[in-house]
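J.: Next comes the structure file start-v5.tsv, holding TSV, N, CA and C atoms.
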chain	number	residue	atom	x	y	z
L	71	MET	N	-18.64	-15.10	-7.31
L	71	MET	CA	-17.87	-14.17	-8.11
L	71	MET	C	-17.48	-12.97	-7.23
L	72	ALA	N	-16.28	-12.47	-7.44
L	72	ALA	CA	-15.77	-11.37	-6.64
L	72	ALA	C	-16.48	-10.06	-7.00
L	73	LYS	N	-16.69	-9.26	-6.01
L	73	LYS	CA	-17.33	-7.96	-6.21
L	73	LYS	C	-16.30	-6.98	-6.79
L	74	LEU	N	-16.69	-6.25	-7.82
L	74	LEU	CA	-15.80	-5.26	-8.41
L	74	LEU	C	-15.75	-4.03	-7.53
L	75	ILE	N	-14.55	-3.53	-7.35
L	75	ILE	CA	-14.33	-2.34	-6.54
L	75	ILE	C	-13.97	-1.20	-7.50
L	76	PRO	N	-14.69	-0.08	-7.44
L	76	PRO	CA	-14.36	1.05	-8.32
L	76	PRO	C	-12.93	1.56	-8.07
L	77	SER	N	-12.36	2.17	-9.08
L	77	SER	CA	-10.97	2.65	-9.00
L	77	SER	C	-10.79	3.66	-7.87
L	78	ALA	N	-11.73	4.56	-7.71
L	78	ALA	CA	-11.61	5.57	-6.66
L	78	ALA	C	-11.56	4.92	-5.28
L	79	GLU	N	-12.38	3.89	-5.08
L	79	GLU	CA	-12.39	3.16	-3.81
L	79	GLU	C	-11.07	2.41	-3.61
L	80	ARG	N	-10.52	1.86	-4.68
L	80	ARG	CA	-9.23	1.17	-4.60
L	80	ARG	C	-8.12	2.11	-4.15
L	81	LEU	N	-8.14	3.32	-4.68
L	81	LEU	CA	-7.13	4.30	-4.29
L	81	LEU	C	-7.24	4.64	-2.80
L	82	LEU	N	-8.46	4.81	-2.32
L	82	LEU	CA	-8.65	5.10	-0.89
L	82	LEU	C	-8.21	3.94	-0.02
L	83	ARG	N	-8.56	2.72	-0.42
L	83	ARG	CA	-8.17	1.55	0.35
L	83	ARG	C	-6.66	1.36	0.36
L	84	ALA	N	-6.00	1.65	-0.75
L	84	ALA	CA	-4.55	1.52	-0.82
L	84	ALA	C	-3.88	2.49	0.16
L	85	ARG	N	-4.38	3.73	0.18
L	85	ARG	CA	-3.82	4.70	1.13
L	85	ARG	C	-4.06	4.26	2.58
L	86	ALA	N	-5.21	3.65	2.83
L	86	ALA	CA	-5.51	3.16	4.17
L	86	ALA	C	-4.55	2.02	4.56
L	87	MET	N	-4.22	1.16	3.60
L	87	MET	CA	-3.28	0.06	3.88
L	87	MET	C	-1.90	0.61	4.23
L	88	ILE	N	-1.47	1.62	3.50
L	88	ILE	CA	-0.17	2.23	3.79
L	88	ILE	C	-0.19	2.85	5.19
L	89	GLN	N	-1.30	3.49	5.54
L	89	GLN	CA	-1.41	4.07	6.88
L	89	GLN	C	-1.42	2.99	7.95
L	90	LYS	N	-2.06	1.85	7.69
L	90	LYS	CA	-2.05	0.74	8.65
L	90	LYS	C	-0.63	0.26	8.89
L	91	ALA	N	0.18	0.19	7.82
L	91	ALA	CA	1.57	-0.22	7.97
L	91	ALA	C	2.33	0.77	8.83
L	92	ARG	N	2.06	2.05	8.64
L	92	ARG	CA	2.74	3.07	9.45
L	92	ARG	C	2.29	3.04	10.91
L	93	ASP	N	1.04	2.65	11.15
L	93	ASP	CA	0.49	2.66	12.50
L	93	ASP	C	0.83	1.42	13.32
L	94	LEU	N	1.42	0.40	12.70
L	94	LEU	CA	1.77	-0.80	13.46
L	94	LEU	C	2.77	-0.44	14.56
L	95	PRO	N	2.49	-0.89	15.78
L	95	PRO	CA	3.44	-0.58	16.87
L	95	PRO	C	4.70	-1.44	16.75
L	96	LEU	N	5.82	-0.85	17.08
L	96	LEU	CA	7.08	-1.61	17.09
L	96	LEU	C	7.05	-2.60	18.24
L	97	PRO	N	7.47	-3.83	18.00
L	97	PRO	CA	7.52	-4.81	19.09
L	97	PRO	C	8.57	-4.40	20.14
L	98	ALA	N	8.30	-4.75	21.38
L	98	ALA	CA	9.23	-4.40	22.46
L	98	ALA	C	10.56	-5.12	22.28
L	99	GLU	N	10.50	-6.38	21.91
L	99	GLU	CA	11.73	-7.15	21.68
L	99	GLU	C	11.99	-7.24	20.19
L	100	GLY	N	13.17	-6.88	19.79
L	100	GLY	CA	13.53	-6.98	18.39
L	100	GLY	C	13.31	-5.70	17.60
L	101	GLY	N	12.40	-4.86	18.04
L	101	GLY	CA	12.14	-3.60	17.33
L	101	GLY	C	11.76	-3.83	15.88
L	102	LYS	N	12.35	-3.03	15.01
L	102	LYS	CA	12.01	-3.15	13.59
L	102	LYS	C	12.65	-4.36	12.93
L	103	TYR	N	13.44	-5.12	13.68
L	103	TYR	CA	14.06	-6.32	13.13
L	103	TYR	C	13.28	-7.60	13.47
L	104	ASP	N	12.15	-7.45	14.13
L	104	ASP	CA	11.29	-8.59	14.46
L	104	ASP	C	10.65	-9.10	13.16
L	105	PHE	N	10.79	-10.41	12.92
L	105	PHE	CA	10.33	-10.98	11.64
L	105	PHE	C	8.83	-10.84	11.44
L	106	SER	N	8.04	-10.99	12.47
L	106	SER	CA	6.59	-10.87	12.30
L	106	SER	C	6.20	-9.43	11.99
L	107	TYR	N	6.90	-8.46	12.57
L	107	TYR	CA	6.66	-7.05	12.28
L	107	TYR	C	7.00	-6.75	10.82
L	108	ILE	N	8.15	-7.23	10.38
L	108	ILE	CA	8.57	-7.02	8.98
L	108	ILE	C	7.55	-7.63	8.03
L	109	ALA	N	7.09	-8.84	8.34
L	109	ALA	CA	6.13	-9.53	7.46
L	109	ALA	C	4.81	-8.77	7.39
L	110	ARG	N	4.34	-8.26	8.53
L	110	ARG	CA	3.06	-7.53	8.52
L	110	ARG	C	3.17	-6.22	7.74
L	111	VAL	N	4.29	-5.50	7.93
L	111	VAL	CA	4.49	-4.25	7.20
L	111	VAL	C	4.54	-4.53	5.70
L	112	LYS	N	5.34	-5.49	5.31
L	112	LYS	CA	5.46	-5.82	3.88
L	112	LYS	C	4.13	-6.30	3.31
L	113	ASP	N	3.34	-7.04	4.10
L	113	ASP	CA	2.05	-7.51	3.62
L	113	ASP	C	1.09	-6.35	3.36
L	114	PHE	N	1.02	-5.40	4.29
L	114	PHE	CA	0.15	-4.23	4.09
L	114	PHE	C	0.57	-3.44	2.86
L	115	LEU	N	1.87	-3.24	2.69
L	115	LEU	CA	2.35	-2.46	1.56
L	115	LEU	C	2.11	-3.20	0.24
L	116	GLN	N	2.27	-4.52	0.25
L	116	GLN	CA	2.01	-5.28	-0.97
L	116	GLN	C	0.52	-5.27	-1.31
L	117	GLN	N	-0.33	-5.35	-0.31
L	117	GLN	CA	-1.78	-5.27	-0.56
L	117	GLN	C	-2.15	-3.93	-1.17
L	118	ALA	N	-1.50	-2.86	-0.70
L	118	ALA	CA	-1.76	-1.52	-1.25
L	118	ALA	C	-1.36	-1.48	-2.72
L	119	ARG	N	-0.19	-2.02	-3.03
L	119	ARG	CA	0.26	-2.03	-4.42
L	119	ARG	C	-0.66	-2.88	-5.29
L	120	ASP	N	-1.07	-4.04	-4.77
L	120	ASP	CA	-1.91	-4.95	-5.55
L	120	ASP	C	-3.29	-4.34	-5.85
L	121	LEU	N	-3.79	-3.52	-4.94
L	121	LEU	CA	-5.09	-2.90	-5.16
L	121	LEU	C	-5.10	-1.96	-6.37
L	122	VAL	N	-3.99	-1.31	-6.62
L	122	VAL	CA	-3.99	-0.26	-7.65
L	122	VAL	C	-3.15	-0.59	-8.89
L	123	LYS	N	-2.48	-1.71	-8.92
L	123	LYS	CA	-1.52	-1.94	-9.99
L	123	LYS	C	-2.13	-2.03	-11.38
L	124	PHE	N	-3.40	-2.42	-11.49
L	124	PHE	CA	-4.01	-2.55	-12.81
L	124	PHE	C	-4.84	-1.33	-13.22
L	125	ILE	N	-4.96	-0.35	-12.36
L	125	ILE	CA	-5.75	0.84	-12.69
L	125	ILE	C	-5.22	1.56	-13.93
L	126	PRO	N	-3.90	1.75	-14.09
L	126	PRO	CA	-3.43	2.45	-15.30
L	126	PRO	C	-3.72	1.70	-16.60
L	127	LEU	N	-3.99	0.42	-16.53
L	127	LEU	CA	-4.26	-0.36	-17.73
L	127	LEU	C	-5.72	-0.34	-18.16
L	128	THR	N	-6.59	0.18	-17.32
L	128	THR	CA	-8.01	0.23	-17.67
L	128	THR	C	-8.29	1.38	-18.62
L	129	PRO	N	-9.25	1.21	-19.53
L	129	PRO	CA	-9.53	2.28	-20.49
L	129	PRO	C	-10.18	3.51	-19.86
L	130	THR	N	-10.76	3.37	-18.69
L	130	THR	CA	-11.43	4.51	-18.06
L	130	THR	C	-10.51	5.30	-17.14
L	131	ALA	N	-9.26	4.90	-17.02
L	131	ALA	CA	-8.33	5.60	-16.12
L	131	ALA	C	-7.95	6.95	-16.70
L	132	THR	N	-8.16	7.97	-15.90
L	132	THR	CA	-7.80	9.32	-16.32
L	132	THR	C	-6.33	9.57	-16.01
L	133	PRO	N	-5.74	10.57	-16.62
L	133	PRO	CA	-4.34	10.89	-16.28
L	133	PRO	C	-4.15	11.22	-14.80
L	134	ALA	N	-5.16	11.80	-14.18
L	134	ALA	CA	-5.07	12.10	-12.75
L	134	ALA	C	-5.02	10.82	-11.93
L	135	MET	N	-5.82	9.83	-12.31
L	135	MET	CA	-5.81	8.54	-11.61
L	135	MET	C	-4.46	7.85	-11.78
L	136	LYS	N	-3.93	7.91	-12.99
L	136	LYS	CA	-2.62	7.29	-13.24
L	136	LYS	C	-1.54	7.96	-12.40
L	137	ALA	N	-1.62	9.26	-12.27
L	137	ALA	CA	-0.65	9.98	-11.43
L	137	ALA	C	-0.81	9.60	-9.97
L	138	GLU	N	-2.05	9.41	-9.54
L	138	GLU	CA	-2.30	9.03	-8.15
L	138	GLU	C	-1.78	7.61	-7.87
L	139	VAL	N	-1.88	6.72	-8.85
L	139	VAL	CA	-1.34	5.36	-8.69
L	139	VAL	C	0.17	5.43	-8.53
L	140	LYS	N	0.83	6.25	-9.35
L	140	LYS	CA	2.28	6.42	-9.22
L	140	LYS	C	2.63	6.95	-7.84
L	141	GLN	N	1.81	7.89	-7.35
L	141	GLN	CA	2.04	8.46	-6.01
L	141	GLN	C	1.90	7.39	-4.93
L	142	ILE	N	0.93	6.50	-5.07
L	142	ILE	CA	0.74	5.45	-4.08
L	142	ILE	C	1.93	4.50	-4.09
L	143	PHE	N	2.44	4.16	-5.26
L	143	PHE	CA	3.63	3.32	-5.33
L	143	PHE	C	4.82	4.01	-4.67
L	144	THR	N	4.96	5.30	-4.89
L	144	THR	CA	6.03	6.06	-4.27
L	144	THR	C	5.87	6.08	-2.75
L	145	GLU	N	4.65	6.31	-2.27
L	145	GLU	CA	4.38	6.33	-0.83
L	145	GLU	C	4.67	4.96	-0.20
L	146	ALA	N	4.30	3.88	-0.89
L	146	ALA	CA	4.55	2.54	-0.36
L	146	ALA	C	6.05	2.28	-0.26
L	147	ASP	N	6.80	2.68	-1.27
L	147	ASP	CA	8.25	2.50	-1.24
L	147	ASP	C	8.89	3.34	-0.13
L	148	GLN	N	8.39	4.56	0.03
L	148	GLN	CA	8.91	5.44	1.07
L	148	GLN	C	8.60	4.87	2.47
L	149	ALA	N	7.39	4.37	2.65
L	149	ALA	CA	7.03	3.77	3.94
L	149	ALA	C	7.90	2.55	4.23
L	150	ASP	N	8.18	1.76	3.21
L	150	ASP	CA	9.05	0.60	3.37
L	150	ASP	C	10.42	1.02	3.86
L	151	ARG	N	10.99	2.05	3.21
L	151	ARG	CA	12.32	2.52	3.62
L	151	ARG	C	12.30	3.09	5.03
L	152	GLU	N	11.26	3.87	5.36
L	152	GLU	CA	11.20	4.50	6.69
L	152	GLU	C	11.00	3.48	7.80
L	153	LEU	N	10.17	2.49	7.56
L	153	LEU	CA	9.80	1.55	8.62
L	153	LEU	C	10.80	0.41	8.77
L	154	LEU	N	11.44	-0.02	7.70
L	154	LEU	CA	12.23	-1.23	7.76
L	154	LEU	C	13.72	-1.04	7.54
L	155	HIS	N	14.15	0.13	7.09
L	155	HIS	CA	15.57	0.29	6.80
L	155	HIS	C	16.18	1.38	7.64
Before we go any further, please render this structure as structure tokens.
T.:
Amino acid sequence: MAKLIPSAERLLRARAMIQKARDLPLPAEGGKYDFSYIARVKDFLQQARDLVKFIPLTPTATPAMKAEVKQIFTEADQADRELLH
């Protein structure tokens, strides 16, 4: 059975995933248009979104946590635009 991760830990891990996507080095050939680079960035950002997407639906989620989830989604979208477009 999978280990449950507390919501606060999920928020921290999601931010770390977004930072990992930002820290990926650009490939020498192809730059930001390299398919493996694009796939890795999108994978990190999707993992960040998946970690927090159900937090607002839990009964213990505070309004502050819900706001932080929205912020993480915004940060992930912003990182996607900055890194890939």
J.: If we count only C-alpha atoms, what is near Glu152 (chain L) at a cut-off of 12 Å, once residues fewer than 4 positions away on the same chain are taken out, given as a list of chain:residue names?
T.: L:Ile88, L:Ala91, L:Arg92, L:Lys102, L:Val111, L:Glu145, L:Ala146, L:Asp147, L:Gln148
J.: Which of these residues is nearest to Arg151 (chain L), using only C-alpha atoms: L:Ile108, L:Ala131, L:Leu94, L:Ala78?
T.: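 Counting only C-alpha atoms, the residue closest to Arg151 (chain L) is L:Ile108.
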J.: List the neighbours of region 121-124 of chain L out to 7 Å using only N, CA and C atoms; skip same-chain residues closer than 5 positions along the sequence, and give me the result as a list in words.
T.: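 Non-adjacent residues within range: Arg80, Leu81, Ala84, Gln116 and Val139 of chain L.
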J.: If DSSP is run on the backbone, what residues of chain L are helix (DSSP H, G or I)? A reply as an NGL selection string would be ideal.
T.: :L and (77-93 or 101-103 or 105-122 or 125-127 or 133-154)
J.: I'd like the box whose edges run along x, y and z of the file and which contains every listed atom of region 92-110 of chain L, padded by 8 Å per side; could you state its centre and edge lengths in Å, one decimal, as AutoDock Vina command-line options?
T.:
--center_x 7.3 --center_y -4.0 --center_z 14.9 --size_x 29.6 --size_y 30.1 --size_z 31.1
J.: I'd like the interatomic distance between CA of Lys73 (chain L) and CA of Asp150 (chain L), to a tenth of an Å.
T.: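 Going from CA of Lys73 (chain L) over to CA of Asp150 (chain L), I get 29.3 Å.
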J.: In Å to one decimal, how far is CA of Gly101 (chain L) from atom N of Arg119 (chain L)?
T.: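 Spanning atom N of Arg119 (chain L) to CA of Gly101 (chain L) is a straight-line distance of 23.9 Å.
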J.: Go ahead and compute the interatomic distance for atom N of Ile125 (chain L) and CA of Lys112 (chain L), in Å to one decimal.
T.: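 Going from atom N of Ile125 (chain L) over to CA of Lys112 (chain L), I get 20.1 Å.
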